[in-house]
$ cat entry-v7.csv   # CSV, C-alpha atoms
chain,number,residue,atom,x,y,z
A,409,SER,CA,96.8,194.8,136.1
A,410,THR,CA,94.8,194.5,139.3
A,411,ARG,CA,94.8,190.7,139.0
A,412,THR,CA,98.6,190.8,138.5
A,413,ASP,CA,99.0,193.0,141.6
A,414,THR,CA,96.8,190.7,143.6
A,415,LYS,CA,98.8,187.6,142.5
A,416,LEU,CA,102.1,189.3,143.4
A,417,GLU,CA,100.8,190.3,146.8
A,418,ILE,CA,99.7,186.7,147.5
A,419,GLN,CA,103.2,185.4,146.5
A,420,HIS,CA,104.8,188.1,148.7
A,421,GLN,CA,102.7,187.2,151.7
A,422,THR,CA,103.3,183.4,151.1
A,423,ARG,CA,107.1,184.1,150.9
A,424,LEU,CA,107.0,186.2,154.1
A,425,SER,CA,105.0,183.4,155.9
A,426,SER,CA,107.4,180.8,154.7
A,427,LEU,CA,110.3,183.0,155.8
A,428,ASP,CA,108.7,183.4,159.3
A,429,ASN,CA,108.5,179.6,159.5
A,430,TYR,CA,112.2,179.2,158.8
A,431,ILE,CA,113.1,181.9,161.2
A,432,ASP,CA,111.0,180.2,163.8
A,433,GLN,CA,112.7,176.9,163.1
A,434,PHE,CA,116.1,178.4,163.6
A,435,ALA,CA,114.9,180.0,166.8
A,436,ARG,CA,113.7,176.6,168.2
A,437,ILE,CA,117.0,174.7,167.5
A,438,ASP,CA,118.5,173.1,170.6
A,439,LEU,CA,122.1,174.0,170.4
A,440,SER,CA,123.1,171.1,172.7
A,441,GLU,CA,122.0,168.6,170.1
A,442,ILE,CA,124.3,169.9,167.2
A,443,SER,CA,128.0,170.0,166.6
A,444,ASP,CA,130.2,172.9,167.6
A,445,GLU,CA,130.9,173.6,163.9
A,446,GLU,CA,127.2,174.0,163.1
A,447,GLN,CA,126.7,176.1,166.2
A,448,ARG,CA,129.2,178.6,164.8
A,449,ILE,CA,127.2,178.7,161.5
A,450,LEU,CA,124.0,179.3,163.4
A,451,ASN,CA,125.6,182.2,165.1
A,452,LEU,CA,126.1,183.8,161.7
A,453,VAL,CA,122.3,183.3,161.0
A,454,HIS,CA,121.5,185.4,164.1
A,455,ASN,CA,123.9,188.1,162.9
A,456,GLY,CA,122.2,188.1,159.5
A,457,ASN,CA,125.1,186.9,157.5
A,458,ILE,CA,123.1,184.5,155.3
A,459,GLU,CA,125.5,184.4,152.4
A,460,VAL,CA,128.3,183.4,154.7
A,461,VAL,CA,126.0,180.8,156.3
A,462,LEU,CA,125.3,179.2,152.9
A,463,GLU,CA,129.0,179.1,152.1
A,464,ALA,CA,129.7,177.5,155.5
A,465,TYR,CA,127.1,174.9,155.1
A,466,GLU,CA,128.4,174.1,151.6
A,467,ASN,CA,131.9,173.7,153.0
A,468,LEU,CA,130.5,171.1,155.5
A,469,GLY,CA,129.8,168.7,152.7
A,470,LEU,CA,126.7,167.3,154.4
A,471,ILE,CA,125.4,165.3,151.5
A,472,SER,CA,128.8,163.6,151.0
A,473,LYS,CA,129.0,162.8,154.7
A,474,LEU,CA,125.4,161.4,154.6
A,475,ASN,CA,126.2,159.2,151.7
A,476,SER,CA,129.3,157.9,153.5
A,477,GLU,CA,127.3,157.1,156.7
A,478,ALA,CA,124.5,155.5,154.7
A,479,ALA,CA,126.9,153.2,152.9
A,480,THR,CA,128.6,152.2,156.1
A,481,TYR,CA,125.3,151.5,157.8
A,482,GLN,CA,124.3,149.3,154.9
A,483,VAL,CA,127.5,147.3,155.2
A,484,LEU,CA,127.1,146.9,158.9
A,485,ASN,CA,123.5,145.9,158.6
A,486,VAL,CA,124.5,143.1,156.3
A,487,SER,CA,127.2,142.1,158.8
A,488,VAL,CA,124.7,142.1,161.7
A,489,LYS,CA,122.3,140.0,159.8
A,490,ALA,CA,125.0,137.5,158.9
A,491,ILE,CA,126.1,137.4,162.6
A,492,GLN,CA,122.5,136.9,163.7
A,493,GLU,CA,122.1,134.0,161.3
A,494,GLU,CA,125.4,132.5,162.4
A,495,ILE,CA,124.3,132.8,166.1
A,496,GLY,CA,121.0,131.1,165.2
A,497,GLN,CA,122.8,128.2,163.5
A,498,ARG,CA,125.1,127.8,166.5
A,499,LYS,CA,122.1,127.7,168.8
A,500,SER,CA,120.5,125.0,166.6
A,501,ASN,CA,123.8,123.0,166.7
A,502,ILE,CA,123.9,123.3,170.5
A,503,ASP,CA,120.3,122.1,170.8
A,504,ALA,CA,121.0,119.1,168.5
A,505,LEU,CA,124.2,118.2,170.4
A,506,TYR,CA,122.4,118.5,173.7
A,507,GLU,CA,119.8,116.0,172.6
A,508,SER,CA,122.5,113.6,171.3
A,509,ILE,CA,124.2,113.8,174.7
A,510,GLN,CA,120.8,112.9,176.3
A,511,ARG,CA,120.7,109.8,174.1
A,512,GLN,CA,124.2,109.0,175.2
A,513,LEU,CA,123.1,109.2,178.8
A,514,SER,CA,120.2,106.8,178.1
A,515,ALA,CA,122.8,104.3,176.7
A,516,PHE,CA,124.8,104.7,179.9
A,517,HIS,CA,121.7,104.1,182.0
A,518,LEU,CA,120.9,100.9,180.0
A,519,ALA,CA,124.4,99.7,180.7
A,520,ASP,CA,124.1,100.6,184.4
A,521,LYS,CA,127.1,102.9,184.2
A,522,LYS,CA,126.4,105.4,186.9
A,523,LYS,CA,129.8,106.9,187.2
A,524,GLU,CA,130.1,107.5,183.5
A,525,SER,CA,126.7,109.1,183.5
A,526,GLU,CA,127.6,111.4,186.3
A,527,ASP,CA,130.9,112.4,184.7
A,528,LEU,CA,129.2,113.2,181.4
A,529,LEU,CA,126.5,115.3,183.2
A,530,LEU,CA,129.2,117.2,185.1
A,531,SER,CA,130.9,118.1,181.8
A,532,LEU,CA,127.5,119.0,180.3
A,533,LEU,CA,126.8,121.3,183.2
A,534,GLU,CA,130.2,123.0,182.9
A,535,THR,CA,129.3,123.9,179.3
A,536,ILE,CA,125.6,124.8,179.8
A,537,ALA,CA,126.1,126.9,182.9
A,538,PRO,CA,128.0,129.8,181.1
A,539,LEU,CA,125.4,129.8,178.3
A,540,TYR,CA,122.6,130.0,180.9
A,541,GLU,CA,124.4,132.9,182.6
A,542,LYS,CA,124.6,134.9,179.4
A,543,GLU,CA,121.1,134.0,178.0
A,544,PRO,CA,119.0,132.5,180.8
A,545,GLU,CA,115.7,132.6,179.0
A,546,TYR,CA,116.9,130.5,176.2
A,547,TYR,CA,119.0,128.0,178.2
A,548,ARG,CA,117.1,127.7,181.5
A,549,ALA,CA,115.3,124.5,180.5
A,550,LYS,CA,118.5,122.7,179.6
A,551,TYR,CA,120.2,124.0,182.7
A,552,ALA,CA,117.3,122.8,184.9
A,553,LYS,CA,117.2,119.4,183.3
A,554,THR,CA,121.0,118.9,183.7
A,555,LEU,CA,120.7,119.9,187.4
A,556,LEU,CA,117.9,117.5,187.9
A,557,GLN,CA,119.7,114.6,186.3
A,558,LEU,CA,122.8,115.3,188.3
A,559,GLY,CA,120.7,115.5,191.5
A,560,GLU,CA,119.4,112.0,190.8
A,561,LEU,CA,122.8,110.5,190.1
A,562,SER,CA,125.3,112.4,192.3
A,563,SER,CA,127.2,110.2,194.7
A,564,SER,CA,127.4,113.1,197.2
A,565,ASP,CA,124.4,113.9,199.4
A,566,SER,CA,125.3,117.6,199.7
A,567,ARG,CA,125.7,117.9,195.9
A,568,SER,CA,122.5,116.0,195.2
A,569,LEU,CA,120.6,118.4,197.5
A,570,GLU,CA,122.2,121.4,195.9
A,571,TYR,CA,121.4,120.2,192.4
A,572,LEU,CA,117.8,119.1,193.1
A,573,SER,CA,117.0,122.3,195.0
A,574,LYS,CA,118.3,124.5,192.2
A,575,ALA,CA,116.5,122.4,189.6
A,576,VAL,CA,113.2,122.9,191.5
A,577,GLU,CA,113.9,126.7,191.6
A,578,GLU,CA,114.6,126.8,187.8
A,579,TYR,CA,111.6,124.6,186.9
A,580,GLU,CA,109.4,126.8,189.1
A,581,ILE,CA,110.4,129.8,187.0
A,582,LEU,CA,109.8,127.9,183.8
A,583,PHE,CA,106.5,126.6,185.1
A,584,SER,CA,105.3,130.1,186.1
A,585,LYS,CA,105.9,131.4,182.5
A,586,ASN,CA,104.8,128.3,180.5
A,587,PRO,CA,102.7,126.0,182.8
A,588,ASP,CA,101.3,123.8,180.0
A,589,ILE,CA,104.8,123.0,178.8
A,590,PHE,CA,106.8,122.6,182.1
A,591,LEU,CA,104.2,121.1,184.5
A,592,PRO,CA,105.5,117.5,184.0
A,593,GLU,CA,109.2,118.5,184.7
A,594,PHE,CA,108.3,120.8,187.6
A,595,SER,CA,106.2,118.0,189.1
A,596,TYR,CA,108.9,115.4,188.7
A,597,ALA,CA,111.6,117.8,190.2
A,598,ASN,CA,109.4,118.2,193.3
A,599,TYR,CA,108.9,114.5,193.5
A,600,GLN,CA,112.7,113.8,193.3
A,601,LEU,CA,113.5,116.4,196.0
A,602,GLY,CA,110.7,115.0,198.2
A,603,CYS,CA,112.2,111.4,197.8
A,604,PHE,CA,115.7,112.8,198.6
A,605,TYR,CA,114.5,114.2,201.9
A,606,ARG,CA,112.4,111.1,202.7
A,607,ALA,CA,115.4,108.9,202.3
A,608,ARG,CA,117.4,111.1,204.7
A,609,LEU,CA,114.5,111.0,207.2
A,610,ASP,CA,113.8,114.8,206.9
A,611,ASP,CA,110.1,114.3,207.2
A,612,VAL,CA,109.2,118.0,207.2
A,613,ASN,CA,110.8,118.8,203.9
A,614,ALA,CA,109.8,115.4,202.5
A,615,GLU,CA,106.2,116.3,203.2
A,616,LYS,CA,106.5,119.7,201.7
A,617,TYR,CA,107.8,118.6,198.3
A,618,LEU,CA,105.8,115.3,198.1
A,619,LEU,CA,102.6,117.3,198.7
A,620,SER,CA,103.7,119.7,196.0
A,621,ALA,CA,104.3,116.8,193.6
A,622,ASP,CA,101.0,115.3,194.6
A,623,LYS,CA,99.2,118.6,193.8
A,624,HIS,CA,100.8,119.0,190.4
A,625,TYR,CA,100.7,115.3,189.3
A,626,THR,CA,97.0,115.4,190.2
A,627,THR,CA,96.6,118.1,187.5
A,628,LEU,CA,98.5,116.0,185.0
A,629,TYR,CA,96.5,112.9,185.9
A,630,GLN,CA,93.2,114.7,185.4
A,631,HIS,CA,94.3,115.5,181.8
A,632,ASP,CA,95.9,112.1,181.0
A,633,PRO,CA,95.0,109.3,183.5
A,634,ASP,CA,96.6,106.5,181.5
A,635,LYS,CA,100.0,108.3,181.5
A,636,TYR,CA,100.1,109.6,185.1
A,637,ALA,CA,98.0,107.2,187.2
A,638,HIS,CA,100.9,105.0,188.4
A,639,GLN,CA,103.2,108.0,189.3
A,640,LEU,CA,100.4,109.8,191.2
A,641,ALA,CA,99.4,106.6,193.0
A,642,TRP,CA,103.0,106.0,194.0
A,643,ILE,CA,103.4,109.6,195.4
A,644,LYS,CA,100.2,109.1,197.4
A,645,SER,CA,101.4,105.8,198.8
A,646,LEU,CA,104.7,107.5,199.9
A,647,LEU,CA,102.7,110.2,201.7
A,648,GLY,CA,100.6,107.4,203.3
A,649,GLU,CA,103.8,105.8,204.5
A,650,LEU,CA,105.2,109.1,205.7
A,651,PHE,CA,102.1,110.0,207.7
A,652,THR,CA,101.9,106.4,209.1
A,653,LEU,CA,105.4,106.8,210.5
A,654,ASN,CA,104.5,110.1,212.1
A,655,ASN,CA,101.4,108.7,213.7
A,656,ARG,CA,99.0,110.8,211.5
A,657,THR,CA,96.8,107.8,210.9
A,658,HIS,CA,93.8,109.6,209.5
A,659,GLU,CA,95.8,111.4,206.8
A,660,ALA,CA,97.7,108.1,206.0
A,661,VAL,CA,94.4,106.2,205.5
A,662,ALA,CA,93.1,109.0,203.3
A,663,PHE,CA,96.2,108.8,201.0
A,664,TYR,CA,96.1,105.0,200.9
A,665,LEU,CA,92.5,105.1,199.9
A,666,GLU,CA,93.2,107.6,197.2
A,667,THR,CA,96.0,105.3,195.9
A,668,LEU,CA,93.6,102.4,195.6
A,669,GLU,CA,91.0,104.6,193.9
A,670,ILE,CA,93.5,105.7,191.2
A,671,LEU,CA,94.8,102.2,190.6
A,672,GLU,CA,91.5,100.4,190.5
A,673,PRO,CA,90.7,101.0,186.8
A,674,PHE,CA,94.1,99.8,185.7
A,675,ILE,CA,94.3,96.4,187.5
A,676,GLU,CA,93.2,94.5,184.4
A,677,LYS,CA,94.8,96.8,181.8
A,678,LYS,CA,98.2,97.2,183.5
A,679,PRO,CA,99.3,94.2,185.7
A,680,SER,CA,102.3,96.3,186.7
A,681,VAL,CA,100.1,98.2,189.2
A,682,LEU,CA,99.3,95.0,191.1
A,683,ASN,CA,102.3,95.2,193.4
A,684,LEU,CA,101.5,98.7,194.5
A,685,TYR,CA,97.8,98.0,194.8
A,686,SER,CA,98.3,94.9,196.9
A,687,GLU,CA,100.9,96.5,199.1
A,688,THR,CA,98.6,99.5,199.7
A,689,LEU,CA,95.8,97.2,200.8
A,690,LEU,CA,98.2,95.6,203.3
A,691,HIS,CA,99.3,99.0,204.7
A,692,LEU,CA,95.7,99.9,205.1
A,693,GLY,CA,95.1,96.6,206.9
A,694,ASN,CA,97.8,97.5,209.4
A,695,LEU,CA,96.3,100.9,210.0
A,696,TYR,CA,92.8,99.5,210.4
A,697,ASP,CA,94.2,96.9,212.8
A,698,LYS,CA,95.9,99.7,214.8
A,699,THR,CA,92.7,101.7,215.1
A,700,GLN,CA,90.7,98.6,215.9
A,701,SER,CA,88.7,98.7,212.7
A,702,PHE,CA,89.0,94.9,212.5
A,703,VAL,CA,86.4,94.2,209.8
A,704,LYS,CA,88.1,96.7,207.5
A,705,ALA,CA,91.5,95.3,208.4
A,706,GLU,CA,90.4,91.7,207.6
A,707,ASP,CA,89.0,92.9,204.3
A,708,SER,CA,92.1,94.8,203.3
A,709,TYR,CA,94.4,91.9,204.3
A,710,LEU,CA,92.5,89.3,202.3
A,711,LYS,CA,92.2,91.5,199.2
A,712,GLY,CA,95.9,92.3,199.4
A,713,LEU,CA,96.8,88.7,199.6
A,714,THR,CA,94.7,87.9,196.6
A,715,TYR,CA,96.5,90.4,194.4
A,716,ILE,CA,99.9,89.5,195.7
A,717,LYS,CA,99.3,85.9,194.7
A,718,GLN,CA,98.4,87.0,191.2
A,719,SER,CA,101.6,88.9,190.7
A,720,ALA,CA,103.7,86.0,192.2
A,721,LEU,CA,103.4,84.0,188.9
A,722,ASP,CA,105.6,86.5,187.1
A,723,ASP,CA,107.8,87.6,190.0
A,724,PHE,CA,108.2,84.8,192.5
A,725,GLU,CA,111.5,86.0,193.9
A,726,GLN,CA,109.9,89.2,195.2
A,727,GLN,CA,106.2,88.5,195.4
A,728,GLY,CA,106.3,84.7,196.2
A,729,LYS,CA,108.3,85.4,199.3
A,730,LEU,CA,106.0,88.2,200.2
A,731,VAL,CA,103.0,85.9,200.0
A,732,ARG,CA,104.6,83.7,202.7
A,733,ILE,CA,105.1,86.8,204.9
A,734,ILE,CA,101.6,88.1,204.4
A,735,GLN,CA,100.0,84.7,205.1
A,736,ARG,CA,101.8,84.5,208.4
A,737,GLN,CA,100.9,88.1,209.1
A,738,ILE,CA,97.2,87.3,208.5
A,739,GLY,CA,97.4,84.2,210.6
A,740,GLU,CA,98.8,86.2,213.5
A,741,PHE,CA,96.1,88.8,213.0
A,742,TYR,CA,93.5,86.1,213.4
A,743,THR,CA,95.4,84.6,216.4
A,744,LYS,CA,96.3,87.7,218.4
A,745,THR,CA,93.6,90.2,217.4
A,746,LEU,CA,90.5,88.2,216.6
A,747,HIS,CA,91.4,85.1,218.7
A,748,ASP,CA,90.2,82.9,215.9
A,749,ALA,CA,92.6,79.9,215.9
A,750,THR,CA,90.6,78.1,213.2
A,751,LYS,CA,91.1,80.8,210.6
A,752,ALA,CA,94.6,81.4,211.7
A,753,GLY,CA,95.4,77.7,211.2
A,754,VAL,CA,93.9,77.9,207.7
A,755,PHE,CA,96.4,80.6,206.8
A,756,PHE,CA,99.3,78.9,208.3
A,757,GLN,CA,98.4,75.8,206.4
A,758,GLU,CA,97.8,77.8,203.2
A,759,GLU,CA,101.5,78.5,203.0
A,760,ASP,CA,102.1,74.9,201.9
A,761,LEU,CA,99.0,74.9,199.7
A,762,PHE,CA,100.1,78.1,198.0
A,763,TYR,CA,103.4,76.5,197.0
A,764,MET,CA,101.7,73.4,195.7
A,765,ASN,CA,99.2,75.4,193.7
A,766,LEU,CA,102.0,77.7,192.4
A,767,ILE,CA,104.1,74.8,191.3
A,768,ASN,CA,101.1,73.3,189.4
A,769,SER,CA,100.3,76.6,187.7
A,770,LEU,CA,104.0,77.2,186.7
A,771,SER,CA,104.3,73.6,185.4
A,772,GLY,CA,101.5,74.3,183.0
A,773,LEU,CA,103.0,77.6,181.9
A,774,PHE,CA,106.4,76.0,181.6
A,775,LYS,CA,105.1,73.5,179.0
A,776,ASN,CA,103.9,76.4,176.8
A,777,ASP,CA,106.9,78.8,177.4
A,778,PRO,CA,109.9,77.0,179.0
A,779,GLU,CA,112.3,79.9,178.4
A,780,LYS,CA,110.1,82.4,180.4
A,781,TYR,CA,108.9,80.2,183.2
A,782,GLY,CA,111.8,77.7,183.6
A,783,HIS,CA,113.8,79.9,186.0
A,784,ILE,CA,110.7,80.8,188.0
A,785,LEU,CA,109.7,77.2,188.5
A,786,ALA,CA,113.2,76.3,189.5
A,787,THR,CA,113.3,79.0,192.1
A,788,VAL,CA,110.0,77.9,193.6
A,789,LEU,CA,111.1,74.3,193.8
A,790,ASP,CA,114.3,75.4,195.5
A,791,ASN,CA,112.2,77.2,198.2
$ encode --input "entry-v7.csv" --output "structure tokens"
Amino acid sequence: STRTDTKLEIQHQTRLSSLDNYIDQFARIDLSEISDEEQRILNLVHNGNIEVVLEAYENLGLISKLNSEAATYQVLNVSVKAIQEEIGQRKSNIDALYESIQRQLSAFHLADKKKESEDLLLSLLETIAPLYEKEPEYYRAKYAKTLLQLGELSSSDSRSLEYLSKAVEEYEILFSKNPDIFLPEFSYANYQLGCFYRARLDDVNAEKYLLSADKHYTTLYQHDPDKYAHQLAWIKSLLGELFTLNNRTHEAVAFYLETLEILEPFIEKKPSVLNLYSETLLHLGNLYDKTQSFVKAEDSYLKGLTYIKQSALDDFEQQGKLVRIIQRQIGEFYTKTLHDATKAGVFFQEEDLFYMNLINSLSGLFKNDPEKYGHILATVLDN
């Protein structure tokens, strides 16, 4: 009997404790978070009308409402998933079509159809811009690329400047978030904007963007010299030319020397660098002559002439005529600067010797490959 009484007492205390918990829960309810209908029911709890409360809750049909909401949610969740999949597919289609348009642009470039390229890019920008406005993180790269391409092609200076400036801004954002991915594009955008300003004689802005391009292409060159050497060397030569024109001789010499240093390892591997290498030597010769560093000037002129002659075999129309100009320039250097008429005479005479040697060389090449060297040989003989 004692054990039974004890058990009943425990059950009674447990029930009282549980009841206290429920009373406490009701007391803590935030009325602002529940419906007016349920607020009226809770007022009945405070009045002690529990049976009425139970009936009122029963009349609310909460389980039925919950089932209805759960079913609707499941339907909507399936719909949202289907919409998300459809959006993803549309994005993939847009990406694929954008790349197809890029290939179409390449075909226009090969055919030298500048107006058609510009018209296509304007239509592309008209489509991409609204997508970029709605979802900039996803479409920024395409938007920036289209702006850059338009900046290169636009027939209007004001529009070119607008497009190129905006492209640099967008690529800077992309670069700041993903430097490993967007460094090449950001570098190239700076280069293009620098060239735009240089062509319009805005030397201050040209210097700003070409120096930025130089900095970033240097990083690319350090990771892949074969791929980026020629572009970096070209930018440094542009800066050398810019500083020369602004009488900043020391800086110009430094950039020209860096150009030669970059190109030196590629002279044998990539004959295409010969033109830039030789022209840089000649620019250096002029600067050394100007600063009365005559030994360095003579060395630069002679090396430059040597490499120009090498490239004249494959590009006489450009380089062959340049050889004549350079030989006369060196002859005048010996006459006016070093007052050495003997050496000057040699270079004036070498103009004829150069043509004779060139004709002999081309004649031998013509026998082995008449299709390639026939036109060049004919041009030399005409001259």
$ atom_distance --input "entry-v7.csv" --atom1 "atom CA of Ala641 of chain A" --atom2 "atom CA of Leu692 of chain A"
14.3 Å
$ atom_distance --input "entry-v7.csv" --atom1 "atom CA of Thr699 of chain A" --atom2 "atom CA of Leu650 of chain A"
17.3 Å
$ closest_atom_pairs --input "entry-v7.csv" --of "segment 627-662 of chain A" --to "segment 670-688 of chain A" --cutoff "10 Å" --atoms "all atoms listed in the file" --output "Markdown table"
| residue | atom | partner | partner_atom | distance |
| --- | --- | --- | --- | --- |
| A:Tyr629 | CA | A:Ile670 | CA | 9.4 |
| A:Pro633 | CA | A:Ile670 | CA | 8.6 |
| A:Asp634 | CA | A:Phe674 | CA | 8.3 |
| A:Tyr636 | CA | A:Ile670 | CA | 9.8 |
| A:Ala637 | CA | A:Ile670 | CA | 6.2 |
| A:His638 | CA | A:Val681 | CA | 6.9 |
| A:Leu640 | CA | A:Ile670 | CA | 8.0 |
| A:Ala641 | CA | A:Ile670 | CA | 6.2 |
| A:Trp642 | CA | A:Leu684 | CA | 7.5 |
| A:Lys644 | CA | A:Ile670 | CA | 9.7 |
| A:Ser645 | CA | A:Thr688 | CA | 7.0 |
| A:Gly648 | CA | A:Thr688 | CA | 8.9 |
| A:Glu649 | CA | A:Thr688 | CA | 9.5 |
| A:Val661 | CA | A:Thr688 | CA | 9.8 |
$ residues_near_point --input "entry-v7.csv" --point "(120.7, 127.7, 178.3)" --cutoff "9 Å" --atoms "all atoms listed in the file" --output "ChimeraX atom specification"
/A:536-552
$ closest_residue --input "entry-v7.csv" --among "A:Val703, A:Pro592, A:Asn501, A:Phe583" --to "Lys635 of chain A" --atoms "only C-alpha atoms"
A:Pro592
